[in-house]
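Engineer: For reference, the file entry_30.pdb (PDB, C-alpha atoms) is included below:
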ATOM      1  CA  MET V 575       0.054  37.946 -45.689
ATOM      2  CA  LYS V 576      -3.203  38.641 -43.853
ATOM      3  CA  SER V 577      -5.229  37.734 -46.912
ATOM      4  CA  TYR V 578      -3.272  34.483 -47.241
ATOM      5  CA  ILE V 579      -4.122  33.560 -43.654
ATOM      6  CA  LEU V 580      -7.787  34.327 -44.296
ATOM      7  CA  MET V 581      -7.705  32.132 -47.380
ATOM      8  CA  MET V 582      -6.145  29.304 -45.384
ATOM      9  CA  CYS V 583      -8.905  29.586 -42.794
ATOM     10  CA  CYS V 584     -11.471  29.334 -45.571
ATOM     11  CA  TYR V 585      -9.891  26.222 -47.039
ATOM     12  CA  PHE V 586      -9.229  24.583 -43.661
ATOM     13  CA  PRO V 587     -12.382  24.690 -41.523
ATOM     14  CA  ILE V 588     -12.110  25.285 -37.796
ATOM     15  CA  SER V 589     -13.374  21.727 -37.230
ATOM     16  CA  LEU V 590     -10.184  20.367 -38.809
ATOM     17  CA  ILE V 591      -8.038  22.680 -36.746
ATOM     18  CA  LEU V 592      -9.804  21.555 -33.597
ATOM     19  CA  SER V 593      -9.518  17.967 -34.772
ATOM     20  CA  GLY V 594      -5.760  18.390 -34.936
ATOM     21  CA  ALA V 595      -5.715  19.699 -31.378
ATOM     22  CA  TYR V 596      -7.846  16.741 -30.325
ATOM     23  CA  CYS V 597      -5.466  14.273 -31.989
ATOM     24  CA  HIS V 598      -2.548  15.938 -30.234
ATOM     25  CA  LYS V 599      -4.320  15.586 -26.894
ATOM     26  CA  GLU V 600      -5.057  11.935 -27.683
ATOM     27  CA  LYS V 601      -1.353  11.341 -28.240
ATOM     28  CA  LEU V 602      -0.492  12.939 -24.903
ATOM     29  CA  LYS V 603      -2.763  10.619 -22.906
ATOM     30  CA  TYR V 604      -1.209   8.051 -20.581
ATOM     31  CA  LEU V 605       1.725  10.382 -19.847
ATOM     32  CA  ASP V 606       2.662  10.350 -23.549
ATOM     33  CA  GLN V 607       4.097   6.848 -23.156
ATOM     34  CA  THR V 608       4.473   4.443 -26.070
ATOM     35  CA  PRO V 609       1.621   1.909 -25.739
ATOM     36  CA  PRO V 610       2.699  -1.564 -24.613
ATOM     37  CA  SER V 611       2.263  -4.855 -26.459
ATOM     38  CA  LEU V 612       1.317  -8.193 -24.910
ATOM     39  CA  THR V 613       4.650  -8.089 -23.110
ATOM     40  CA  PRO V 614       4.375  -6.098 -19.849
ATOM     41  CA  GLU V 615       6.548  -3.015 -19.518
ATOM     42  CA  ILE V 616       7.431  -0.711 -16.638
ATOM     43  CA  PHE V 617       5.165   2.339 -16.799
ATOM     44  CA  ALA V 618       6.854   5.743 -17.129
ATOM     45  CA  PRO V 619      10.251   4.669 -15.735
ATOM     46  CA  GLY V 620      12.083   7.462 -13.943
ATOM     47  CA  HIS V 621       8.898   9.543 -13.804
ATOM     48  CA  ILE V 622       6.331   7.333 -12.043
ATOM     49  CA  SER V 623       8.192   4.066 -11.464
ATOM     50  CA  ILE V 624      11.324   5.159  -9.663
ATOM     51  CA  LYS V 625      14.286   3.105  -8.497
ATOM     52  CA  ASN V 626      14.566   2.586  -4.728
ATOM     53  CA  GLU V 627      10.870   3.460  -4.278
ATOM     54  CA  SER V 628       7.800   1.245  -4.128
ATOM     55  CA  GLU V 629       4.757   2.208  -6.223
ATOM     56  CA  PHE V 630       1.420   0.501  -5.683
ATOM     57  CA  GLY V 631      -2.240   1.041  -6.592
ATOM     58  CA  SER V 632      -2.854   3.394  -9.519
ATOM     59  CA  ILE V 633      -5.785   4.835 -11.467
ATOM     60  CA  PHE V 634      -6.334   7.074 -14.507
ATOM     61  CA  ASN V 635      -9.425   9.186 -14.970
ATOM     62  CA  LYS V 636     -11.717   8.446 -17.934
ATOM     63  CA  GLU V 637      -9.927  10.913 -20.199
ATOM     64  CA  ALA V 638      -6.506   9.498 -19.230
ATOM     65  CA  THR V 639      -5.398  13.028 -18.369
ATOM     66  CA  GLU V 640      -5.091  12.544 -14.586
ATOM     67  CA  PHE V 641      -3.107   9.793 -12.866
ATOM     68  CA  TYR V 642      -3.165   8.883  -9.162
ATOM     69  CA  TYR V 643      -0.967   6.299  -7.468
ATOM     70  CA  GLY V 644       0.422   5.196  -4.130
ATOM     71  CA  ALA V 645       4.110   5.343  -3.223
ATOM     72  CA  ASN V 646       5.780   3.871  -0.164
ATOM     73  CA  ILE V 647       8.635   5.904   1.313
ATOM     74  CA  ASN V 648      10.506   4.344   4.235
ATOM     75  CA  GLY V 649       7.492   2.316   5.302
ATOM     76  CA  MET V 650       4.941   5.154   4.987
ATOM     77  CA  ALA V 651       2.624   5.315   1.988
ATOM     78  CA  GLU V 652       1.375   8.506   0.348
ATOM     79  CA  ILE V 653      -0.851   9.267  -2.646
ATOM     80  CA  ARG V 654       0.605  11.227  -5.551
ATOM     81  CA  TYR V 655      -0.880  12.593  -8.747
ATOM     82  CA  THR V 656       0.087  14.076 -12.078
ATOM     83  CA  LYS V 657      -2.115  15.610 -14.757
ATOM     84  CA  LEU V 658      -1.973  16.871 -18.309
ATOM     85  CA  GLU V 659      -1.586  20.650 -18.284
ATOM     86  CA  GLY V 660      -1.764  22.016 -21.804
ATOM     87  CA  LYS V 661       0.812  20.049 -23.766
ATOM     88  CA  THR V 662       2.824  18.660 -20.849
ATOM     89  CA  TRP V 663       2.299  16.431 -17.837
ATOM     90  CA  SER V 664       2.943  17.996 -14.448
ATOM     91  CA  LYS V 665       5.688  16.708 -12.196
ATOM     92  CA  PRO V 666       4.136  14.195  -9.761
ATOM     93  CA  LYS V 667       2.929  15.911  -6.590
ATOM     94  CA  VAL V 668       1.797  14.614  -3.210
ATOM     95  CA  LEU V 669      -1.983  14.763  -2.816
ATOM     96  CA  LEU V 670      -2.363  12.958   0.520
ATOM     97  CA  SER V 671       0.344  12.286   3.074
ATOM     98  CA  HIS V 672       0.752  12.179   6.841
ATOM     99  CA  ASP V 673       3.628  11.591   9.229
ATOM    100  CA  LYS V 674       1.644   9.195  11.463
ATOM    101  CA  TYR V 675      -0.446   7.061   9.111
ATOM    102  CA  SER V 676      -0.296   5.714   5.560
ATOM    103  CA  LEU V 677      -2.587   6.390   2.585
ATOM    104  CA  ASN V 678      -2.540   4.119  -0.447
ATOM    105  CA  ASP V 679      -4.384   2.480  -3.376
ATOM    106  CA  PRO V 680      -6.443   5.386  -4.817
ATOM    107  CA  TYR V 681      -9.564   4.708  -6.917
ATOM    108  CA  LEU V 682     -11.928   7.188  -8.584
ATOM    109  CA  SER V 683     -15.714   6.962  -8.272
ATOM    110  CA  PRO V 684     -17.702   6.624 -11.547
ATOM    111  CA  ASP V 685     -18.471  10.369 -11.597
ATOM    112  CA  GLU V 686     -14.853  11.092 -10.579
ATOM    113  CA  ASN V 687     -15.972  13.355  -7.745
ATOM    114  CA  ARG V 688     -14.668  11.012  -5.064
ATOM    115  CA  LEU V 689     -11.218   9.530  -4.664
ATOM    116  CA  TYR V 690     -11.268   6.393  -2.526
ATOM    117  CA  PHE V 691      -8.183   4.934  -0.832
ATOM    118  CA  ILE V 692      -7.084   2.879   2.160
ATOM    119  CA  SER V 693      -5.540   4.222   5.353
ATOM    120  CA  ASN V 694      -4.661   3.101   8.859
ATOM    121  CA  LYS V 695      -5.785   6.461  10.234
ATOM    122  CA  ALA V 696      -7.734   6.245  13.492
ATOM    123  CA  LEU V 697     -11.404   7.151  13.150
ATOM    124  CA  GLU V 698     -11.480   9.939  15.749
ATOM    125  CA  SER V 699      -7.908  11.251  15.668
ATOM    126  CA  ASP V 700      -4.805  11.634  13.527
ATOM    127  CA  ASP V 701      -3.132   8.677  15.195
ATOM    128  CA  ALA V 702      -2.402   5.445  13.373
ATOM    129  CA  LYS V 703      -4.179   2.205  14.231
ATOM    130  CA  GLU V 704      -3.375  -1.439  13.551
ATOM    131  CA  ASP V 705      -5.926  -2.086  10.806
ATOM    132  CA  TYR V 706      -6.777  -0.348   7.521
ATOM    133  CA  ASP V 707     -10.128   1.190   6.528
ATOM    134  CA  ILE V 708     -11.468   2.499   3.235
ATOM    135  CA  TRP V 709     -11.770   6.290   3.087
ATOM    136  CA  TYR V 710     -12.419   8.954   0.459
ATOM    137  CA  ILE V 711     -12.050  12.648  -0.298
ATOM    138  CA  GLU V 712     -14.353  14.763  -2.479
ATOM    139  CA  ARG V 713     -13.718  17.022  -5.430
ATOM    140  CA  GLU V 714     -14.837  20.632  -5.118
ATOM    141  CA  GLY V 715     -14.734  22.338  -8.488
ATOM    142  CA  ASN V 716     -11.309  21.715  -9.988
ATOM    143  CA  LYS V 717      -9.662  20.866  -6.664
ATOM    144  CA  TRP V 718      -9.784  18.129  -4.062
ATOM    145  CA  ASN V 719     -10.983  18.849  -0.547
ATOM    146  CA  THR V 720      -8.428  16.811   1.409
ATOM    147  CA  LYS V 721     -10.699  16.223   4.410
ATOM    148  CA  LEU V 722     -10.721  12.435   4.927
ATOM    149  CA  ILE V 723     -14.151  10.775   5.091
ATOM    150  CA  ASN V 724     -14.566   7.192   6.311
ATOM    151  CA  ALA V 725     -16.592   4.940   3.970
ATOM    152  CA  GLY V 726     -18.757   3.843   6.901
ATOM    153  CA  SER V 727     -19.477   0.899   9.169
ATOM    154  CA  ASN V 728     -21.137  -1.181   6.444
ATOM    155  CA  ILE V 729     -17.742  -1.366   4.751
ATOM    156  CA  ASN V 730     -15.196  -0.951   7.531
ATOM    157  CA  THR V 731     -14.660  -3.143  10.607
ATOM    158  CA  ASN V 732     -12.041  -3.498  13.318
ATOM    159  CA  LYS V 733     -10.069  -5.696  10.885
ATOM    160  CA  ASN V 734      -8.411  -4.791   7.573
ATOM    161  CA  GLU V 735     -10.323  -3.558   4.560
ATOM    162  CA  TYR V 736      -8.085  -3.382   1.511
ATOM    163  CA  TYR V 737      -7.888  -2.149  -2.088
ATOM    164  CA  MET V 738     -11.269  -1.379  -3.595
ATOM    165  CA  SER V 739     -12.743  -0.904  -7.071
ATOM    166  CA  LEU V 740     -16.147   0.322  -8.221
ATOM    167  CA  THR V 741     -18.691  -0.700 -10.838
ATOM    168  CA  LYS V 742     -20.427   1.824 -13.106
ATOM    169  CA  ASP V 743     -23.346   2.030 -10.638
ATOM    170  CA  GLY V 744     -20.989   2.740  -7.725
ATOM    171  CA  SER V 745     -21.053  -0.707  -6.093
ATOM    172  CA  MET V 746     -17.795  -1.563  -4.352
ATOM    173  CA  TYR V 747     -15.631  -4.676  -4.490
ATOM    174  CA  PHE V 748     -12.968  -4.938  -1.800
ATOM    175  CA  SER V 749     -11.121  -7.418   0.398
ATOM    176  CA  SER V 750     -11.164  -7.935   4.155
ATOM    177  CA  ASN V 751      -9.923 -10.329   6.796
ATOM    178  CA  LYS V 752     -12.916  -9.627   9.044
ATOM    179  CA  ASP V 753     -13.982 -13.283   8.916
ATOM    180  CA  ALA V 754     -10.471 -14.693   9.157
ATOM    181  CA  VAL V 755      -9.962 -18.021  10.868
ATOM    182  CA  GLU V 756      -7.798 -17.708  13.979
ATOM    183  CA  ASN V 757      -4.087 -18.353  13.397
ATOM    184  CA  ARG V 758      -4.549 -18.188   9.609
ATOM    185  CA  GLN V 759      -2.307 -15.227   8.850
ATOM    186  CA  HIS V 760      -3.234 -14.525   5.220
ATOM    187  CA  ASP V 761      -6.953 -15.235   5.366
ATOM    188  CA  PHE V 762      -8.367 -12.391   3.221
ATOM    189  CA  ASN V 763     -11.518 -12.715   1.120
ATOM    190  CA  ILE V 764     -13.268 -10.593  -1.506
ATOM    191  CA  TYR V 765     -16.644  -8.939  -0.853
ATOM    192  CA  SER V 766     -19.060  -6.763  -2.821
ATOM    193  CA  SER V 767     -21.344  -4.009  -1.542
ATOM    194  CA  GLU V 768     -24.181  -2.422  -3.512
ATOM    195  CA  PHE V 769     -24.432   1.368  -3.548
ATOM    196  CA  LYS V 770     -28.045   2.472  -3.056
ATOM    197  CA  GLN V 771     -29.415   5.931  -2.271
ATOM    198  CA  GLY V 772     -25.938   7.213  -1.514
ATOM    199  CA  THR V 773     -25.078   4.440   0.957
ATOM    200  CA  PHE V 774     -23.042   1.258   0.741
ATOM    201  CA  GLN V 775     -25.114  -1.781   1.704
ATOM    202  CA  LYS V 776     -24.075  -4.727   3.854
ATOM    203  CA  PRO V 777     -21.297  -6.533   1.929
ATOM    204  CA  LYS V 778     -21.721  -9.998   0.454
ATOM    205  CA  LEU V 779     -18.950 -12.583   0.398
ATOM    206  CA  LEU V 780     -18.135 -13.780  -3.111
ATOM    207  CA  GLY V 781     -18.380 -17.537  -3.668
ATOM    208  CA  ASN V 782     -15.716 -20.229  -3.684
ATOM    209  CA  SER V 783     -14.977 -19.770  -7.377
ATOM    210  CA  ILE V 784     -13.165 -16.626  -6.177
ATOM    211  CA  ASN V 785     -12.471 -17.074  -2.479
ATOM    212  CA  SER V 786     -10.582 -19.912  -0.828
ATOM    213  CA  THR V 787      -8.873 -20.658   2.461
ATOM    214  CA  ALA V 788      -5.846 -18.810   1.078
ATOM    215  CA  TYR V 789      -5.349 -15.094   0.364
ATOM    216  CA  GLU V 790      -7.540 -13.114  -2.039
ATOM    217  CA  ALA V 791      -7.216  -9.322  -2.144
ATOM    218  CA  ASP V 792      -6.485  -6.320  -4.365
ATOM    219  CA  VAL V 793      -9.574  -6.844  -6.505
ATOM    220  CA  PHE V 794     -10.371  -4.928  -9.696
ATOM    221  CA  VAL V 795     -13.842  -5.372 -11.176
ATOM    222  CA  SER V 796     -14.706  -4.153 -14.661
ATOM    223  CA  PRO V 797     -17.359  -1.392 -14.593
ATOM    224  CA  ASP V 798     -19.925  -3.743 -16.173
ATOM    225  CA  GLU V 799     -18.917  -6.607 -13.838
ATOM    226  CA  ALA V 800     -17.985  -8.810 -16.793
ATOM    227  CA  TYR V 801     -14.749  -9.909 -15.116
ATOM    228  CA  LEU V 802     -12.612  -9.325 -12.062
ATOM    229  CA  ILE V 803      -8.878  -9.584 -11.420
ATOM    230  CA  PHE V 804      -7.340 -10.069  -7.993
ATOM    231  CA  CYS V 805      -4.139 -10.985  -6.197
ATOM    232  CA  GLY V 806      -4.041 -14.498  -4.787
ATOM    233  CA  ILE V 807      -1.428 -16.325  -2.738
ATOM    234  CA  ARG V 808      -1.833 -19.993  -3.591
ATOM    235  CA  LYS V 809       0.381 -23.081  -3.649
ATOM    236  CA  GLU V 810       0.197 -23.403  -7.435
ATOM    237  CA  GLY V 811       1.302 -19.791  -7.950
ATOM    238  CA  TYR V 812       4.481 -18.591  -9.590
ATOM    239  CA  GLY V 813       5.706 -16.414  -6.736
ATOM    240  CA  GLN V 814       4.845 -14.453  -3.598
ATOM    241  CA  GLY V 815       1.482 -13.354  -5.020
ATOM    242  CA  ASP V 816      -0.102 -13.807  -8.460
ATOM    243  CA  LEU V 817      -2.866 -12.147 -10.445
ATOM    244  CA  TYR V 818      -5.965 -14.271 -11.148
ATOM    245  CA  VAL V 819      -8.973 -13.556 -13.368
ATOM    246  CA  SER V 820     -12.607 -14.673 -13.242
ATOM    247  CA  PHE V 821     -15.411 -14.026 -15.762
ATOM    248  CA  LYS V 822     -19.133 -13.689 -15.105
ATOM    249  CA  ASP V 823     -21.375 -15.918 -17.215
ATOM    250  CA  VAL V 824     -24.866 -15.193 -18.578
ATOM    251  CA  THR V 825     -26.452 -16.523 -15.378
ATOM    252  CA  GLY V 826     -24.469 -14.092 -13.226
ATOM    253  CA  LYS V 827     -22.069 -16.690 -11.795
ATOM    254  CA  TRP V 828     -18.334 -16.166 -11.566
ATOM    255  CA  SER V 829     -16.100 -18.707 -13.300
ATOM    256  CA  LYS V 830     -13.408 -20.504 -11.339
ATOM    257  CA  ALA V 831     -10.554 -18.037 -10.958
ATOM    258  CA  LYS V 832      -7.661 -18.695 -13.320
ATOM    259  CA  ASN V 833      -4.007 -17.783 -12.857
ATOM    260  CA  MET V 834      -3.076 -15.153 -15.466
ATOM    261  CA  GLY V 835       0.092 -17.050 -16.319
ATOM    262  CA  LYS V 836       3.809 -16.486 -16.467
ATOM    263  CA  LEU V 837       3.515 -13.638 -18.945
ATOM    264  CA  ILE V 838       2.083 -11.573 -16.075
ATOM    265  CA  ASN V 839       3.186 -13.404 -12.945
ATOM    266  CA  THR V 840       6.781 -13.809 -11.767
ATOM    267  CA  GLU V 841       8.692 -15.190  -8.805
ATOM    268  CA  GLY V 842       8.003 -11.868  -7.119
ATOM    269  CA  HIS V 843       4.684 -10.282  -6.120
ATOM    270  CA  GLU V 844       2.023  -9.096  -8.582
ATOM    271  CA  LEU V 845      -0.808  -7.028  -7.128
ATOM    272  CA  CYS V 846      -2.895  -3.839  -7.507
ATOM    273  CA  PRO V 847      -4.577  -4.520 -10.897
ATOM    274  CA  PHE V 848      -6.499  -1.819 -12.774
ATOM    275  CA  VAL V 849      -7.862  -1.656 -16.338
ATOM    276  CA  THR V 850      -8.257   1.730 -18.009
ATOM    277  CA  GLN V 851     -11.747   3.026 -18.773
ATOM    278  CA  ASP V 852     -11.252   2.578 -22.510
ATOM    279  CA  GLY V 853     -10.420  -1.081 -21.907
ATOM    280  CA  LYS V 854      -7.031  -0.778 -23.631
ATOM    281  CA  TYR V 855      -4.487  -1.341 -20.860
ATOM    282  CA  LEU V 856      -4.017  -3.438 -17.746
ATOM    283  CA  PHE V 857      -1.929  -1.783 -15.032
ATOM    284  CA  TYR V 858      -0.536  -3.614 -12.013
ATOM    285  CA  THR V 859       2.353  -3.549  -9.570
ATOM    286  CA  SER V 860       5.184  -6.041  -9.876
ATOM    287  CA  ASN V 861       8.252  -6.097  -7.671
ATOM    288  CA  LYS V 862       7.678  -2.542  -6.427
ATOM    289  CA  ASP V 863       7.119  -0.883  -9.829
ATOM    290  CA  ILE V 864       3.984  -0.160 -11.870
ATOM    291  CA  TYR V 865       3.676  -2.137 -15.113
ATOM    292  CA  TRP V 866       1.226  -1.962 -18.005
ATOM    293  CA  VAL V 867       0.291  -4.357 -20.783
ATOM    294  CA  ASP V 868      -2.228  -4.594 -23.628
ATOM    295  CA  ALA V 869      -5.534  -5.525 -21.982
ATOM    296  CA  SER V 870      -6.410  -8.002 -24.743
ATOM    297  CA  ILE V 871      -4.437 -10.451 -22.642
ATOM    298  CA  ILE V 872      -7.518 -10.637 -20.377
ATOM    299  CA  ASN V 873      -9.881 -11.951 -23.053
ATOM    300  CA  SER V 874      -7.229 -14.403 -24.199
ATOM    301  CA  LEU V 875      -7.713 -16.157 -20.843
ATOM    302  CA  LYS V 876     -11.463 -16.494 -21.257
ATOM    303  CA  GLU V 877     -12.536 -20.032 -22.077
TER     304      GLU V 877
END
In structure tokens, how does this file's structure come out?

Structural biologist:
Amino acid sequence: MKSYILMMCCYFPISLILSGAYCHKEKLKYLDQTPPSLTPEIFAPGHISIKNESEFGSIFNKEATEFYYGANINGMAEIRYTKLEGKTWSKPKVLLSHDKYSLNDPYLSPDENRLYFISNKALESDDAKEDYDIWYIEREGNKWNTKLINAGSNINTNKNEYYMSLTKDGSMYFSSNKDAVENRQHDFNIYSSEFKQGTFQKPKLLGNSINSTAYEADVFVSPDEAYLIFCGIRKEGYGQGDLYVSFKDVTGKWSKAKNMGKLINTEGHELCPFVTQDGKYLFYTSNKDIYWVDASIINSLKE
């Protein structure tokens, strides 16, 4: 028997054996879910998307072996995670939670050593405040140091800063109502901030091909800044909030934002978009659950 095993090893090189293990790991990515088509589907029902709970912003790491997302429980949001451990995905666990303030909409930095999120935590105490800021925690080895670090005064103000995403060079896109017109309740706009020498620079307001007098928030920008997707509340929309897409042309200008259509948008609320690092899948929240769809739907909207 031993000689037979040795013969098998000779005929089947270790590279093929390792290749098989690699293929198995590939299959287990994305929580071992069956990939979606161009018809959106609820992501991991009963495991991530749970009845009578609200799930919001979500993000996979580059290898699609770690998943972070926000969940709202009785009006308080917390950040959960699950990861691939050997051949199985761990049961979702709470990474960040507090009994006084909310934490939501996680997003990984390009090197995956920071996890950004939003919170209404007060700057100098563990009390809650009226507005939300952007914060982050840092990875130390294989674990997260859960000490909350504010993203700084170039990003945060005494108004709301919401849902962020990052380019491959670390620049941040986010939304804020810091320049809101008085008595205009949903006056949020999208901004970008360059990341230079470890510091976020003064944000710039995106132009009127993206922003309007209505609501623009929950922005995802592709790492190469080829396109961005955001949630807009506009009169021509399908429901409470729709997803829109804009593409950057060769001159660096953003195209007029286009509604992503009734295949994505419903009479409810679509928000929290995110496209996986391999460009295969678009994730977003719809009516309190996380959905995913084949990301080729994005290019189909490009004129």

Engineer: My list of candidates is V:Asp679, V:Glu810, V:Asp606, V:Asp753. Which is closest to Glu629 of chain V when distances are computed with only C-alpha atoms?

Structural biologist: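 The shortest atom-to-atom distance to Glu629 of chain V comes from V:Asp679.
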
Engineer: Please identify all polymer residues within 12 Å of Ile708 of chain V, counting only C-alpha atoms, omitting same-chain residues fewer than 2 positions from it, and present them as number ranges by chain.

Structural biologist: V: 676-681, 689-697, 705-706, 710-711, 722-739, 746-750, 774

Engineer: Quick check, in Å to one decimal: how far apart do atom CA of Ser786 of chain V and atom CA of Lys822 of chain V lie?

Structural biologist: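 Atom CA of Ser786 of chain V sits 17.8 Å away from atom CA of Lys822 of chain V.
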
Engineer: For atom CA of Tyr801 of chain V and atom CA of Leu817 of chain V, quote the distance in Å rounded to one decimal.

Structural biologist: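 It comes out at 13.0 Å.
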
Engineer: For the structure provided, state which residues fall under the PyMOL selection byres ((chain V and resi 819) around 6), and present them as a list in words.

Structural biologist: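 Listing what the PyMOL selection byres ((chain V and resi 819) around 6) selects in the shown file: Leu802, Ile803, Tyr818, Ser820, Ala831 and Lys832 of chain V.
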
Engineer: Given the file shown, determine the residues that the PyMOL selection byres ((chain V and resi 625) around 12) selects; report them as a ChimeraX atom specification.

Structural biologist: /V:616,618-624,626-629,645-647,861-864

Engineer: Please produce a file of those selected residues containing C-alpha atoms, as a CSV table (one decimal), keeping the file's coordinate frame.

Structural biologist:
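Produced file selection-v1.csv, reproduced below:
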chain,number,residue,atom,x,y,z
V,616,ILE,CA,7.4,-0.7,-16.6
V,618,ALA,CA,6.9,5.7,-17.1
V,619,PRO,CA,10.3,4.7,-15.7
V,620,GLY,CA,12.1,7.5,-13.9
V,621,HIS,CA,8.9,9.5,-13.8
V,622,ILE,CA,6.3,7.3,-12.0
V,623,SER,CA,8.2,4.1,-11.5
V,624,ILE,CA,11.3,5.2,-9.7
V,626,ASN,CA,14.6,2.6,-4.7
V,627,GLU,CA,10.9,3.5,-4.3
V,628,SER,CA,7.8,1.2,-4.1
V,629,GLU,CA,4.8,2.2,-6.2
V,645,ALA,CA,4.1,5.3,-3.2
V,646,ASN,CA,5.8,3.9,-0.2
V,647,ILE,CA,8.6,5.9,1.3
V,861,ASN,CA,8.3,-6.1,-7.7
V,862,LYS,CA,7.7,-2.5,-6.4
V,863,ASP,CA,7.1,-0.9,-9.8
V,864,ILE,CA,4.0,-0.2,-11.9

Engineer: Report as a ChimeraX atom specification the full result of the PyMOL selection byres ((chain V and resi 609) around 12) when it is applied to this structure.

Structural biologist: /V:601-608,610-618,854-857,865-869

Engineer: Counting only C-alpha atoms, figure out which residue out of V:Thr656, V:Asp700, V:Glu637, V:Ala791 gets nearest to Lys721 of chain V.

Structural biologist: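 The closest residue to Lys721 of chain V is V:Asp700.
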
Engineer: Quick one: residues within 10 Å of Lys770 of chain V, only C-alpha atoms counted, chain neighbours fewer than 5 positions away excluded, as an MDAnalysis selection string?

Structural biologist: chainID V and resid 743:745 775

Engineer: If you measure from atom CA of Lys657 of chain V to atom CA of Pro797 of chain V, what distance in Å do you get, rounded to one decimal?

Structural biologist: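 If I compute the distance from atom CA of Lys657 of chain V to atom CA of Pro797 of chain V, I get 22.8 Å.
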
Engineer: Complete segment 669-683 of chain V at the level of N, CA and C atoms, written as a PDB file, keeping the file's coordinate frame.

Structural biologist:
ATOM      1  N   LEU V 669      -0.608  14.338  -3.077  1.00  0.00           N
ATOM      2  CA  LEU V 669      -1.983  14.763  -2.816  1.00  0.00           C
ATOM      3  C   LEU V 669      -2.363  14.509  -1.375  1.00  0.00           C
ATOM      4  N   LEU V 670      -2.032  13.327  -0.861  1.00  0.00           N
ATOM      5  CA  LEU V 670      -2.363  12.958   0.520  1.00  0.00           C
ATOM      6  C   LEU V 670      -1.157  12.303   1.175  1.00  0.00           C
ATOM      7  N   SER V 671      -0.783  12.826   2.331  1.00  0.00           N
ATOM      8  CA  SER V 671       0.344  12.286   3.074  1.00  0.00           C
ATOM      9  C   SER V 671       0.206  12.667   4.541  1.00  0.00           C
ATOM     10  N   HIS V 672       0.773  11.854   5.414  1.00  0.00           N
ATOM     11  CA  HIS V 672       0.752  12.179   6.841  1.00  0.00           C
ATOM     12  C   HIS V 672       1.947  11.518   7.513  1.00  0.00           C
ATOM     13  N   ASP V 673       2.436  12.138   8.573  1.00  0.00           N
ATOM     14  CA  ASP V 673       3.628  11.591   9.229  1.00  0.00           C
ATOM     15  C   ASP V 673       3.315  10.484  10.234  1.00  0.00           C
ATOM     16  N   LYS V 674       2.010  10.237  10.499  1.00  0.00           N
ATOM     17  CA  LYS V 674       1.644   9.195  11.463  1.00  0.00           C
ATOM     18  C   LYS V 674       0.981   7.982  10.826  1.00  0.00           C
ATOM     19  N   TYR V 675       0.269   8.176   9.723  1.00  0.00           N
ATOM     20  CA  TYR V 675      -0.446   7.061   9.111  1.00  0.00           C
ATOM     21  C   TYR V 675      -0.217   7.044   7.602  1.00  0.00           C
ATOM     22  N   SER V 676      -0.485   5.903   6.993  1.00  0.00           N
ATOM     23  CA  SER V 676      -0.296   5.714   5.560  1.00  0.00           C
ATOM     24  C   SER V 676      -1.594   5.929   4.792  1.00  0.00           C
ATOM     25  N   LEU V 677      -1.458   6.255   3.508  1.00  0.00           N
ATOM     26  CA  LEU V 677      -2.587   6.390   2.585  1.00  0.00           C
ATOM     27  C   LEU V 677      -2.150   5.752   1.268  1.00  0.00           C
ATOM     28  N   ASN V 678      -2.989   4.896   0.704  1.00  0.00           N
ATOM     29  CA  ASN V 678      -2.540   4.119  -0.447  1.00  0.00           C
ATOM     30  C   ASN V 678      -3.729   3.679  -1.311  1.00  0.00           C
ATOM     31  N   ASP V 679      -3.424   3.133  -2.480  1.00  0.00           N
ATOM     32  CA  ASP V 679      -4.384   2.480  -3.376  1.00  0.00           C
ATOM     33  C   ASP V 679      -5.577   3.364  -3.750  1.00  0.00           C
ATOM     34  N   PRO V 680      -5.338   4.493  -4.429  1.00  0.00           N
ATOM     35  CA  PRO V 680      -6.443   5.386  -4.817  1.00  0.00           C
ATOM     36  C   PRO V 680      -7.330   4.777  -5.901  1.00  0.00           C
ATOM     37  N   TYR V 681      -8.623   5.155  -5.885  1.00  0.00           N
ATOM     38  CA  TYR V 681      -9.564   4.708  -6.917  1.00  0.00           C
ATOM     39  C   TYR V 681     -10.658   5.749  -7.075  1.00  0.00           C
ATOM     40  N   LEU V 682     -10.926   6.164  -8.308  1.00  0.00           N
ATOM     41  CA  LEU V 682     -11.928   7.188  -8.584  1.00  0.00           C
ATOM     42  C   LEU V 682     -13.334   6.596  -8.657  1.00  0.00           C
ATOM     43  N   SER V 683     -14.311   7.351  -8.138  1.00  0.00           N
ATOM     44  CA  SER V 683     -15.714   6.962  -8.272  1.00  0.00           C
ATOM     45  C   SER V 683     -16.142   7.131  -9.727  1.00  0.00           C
TER      46      SER V 683
END
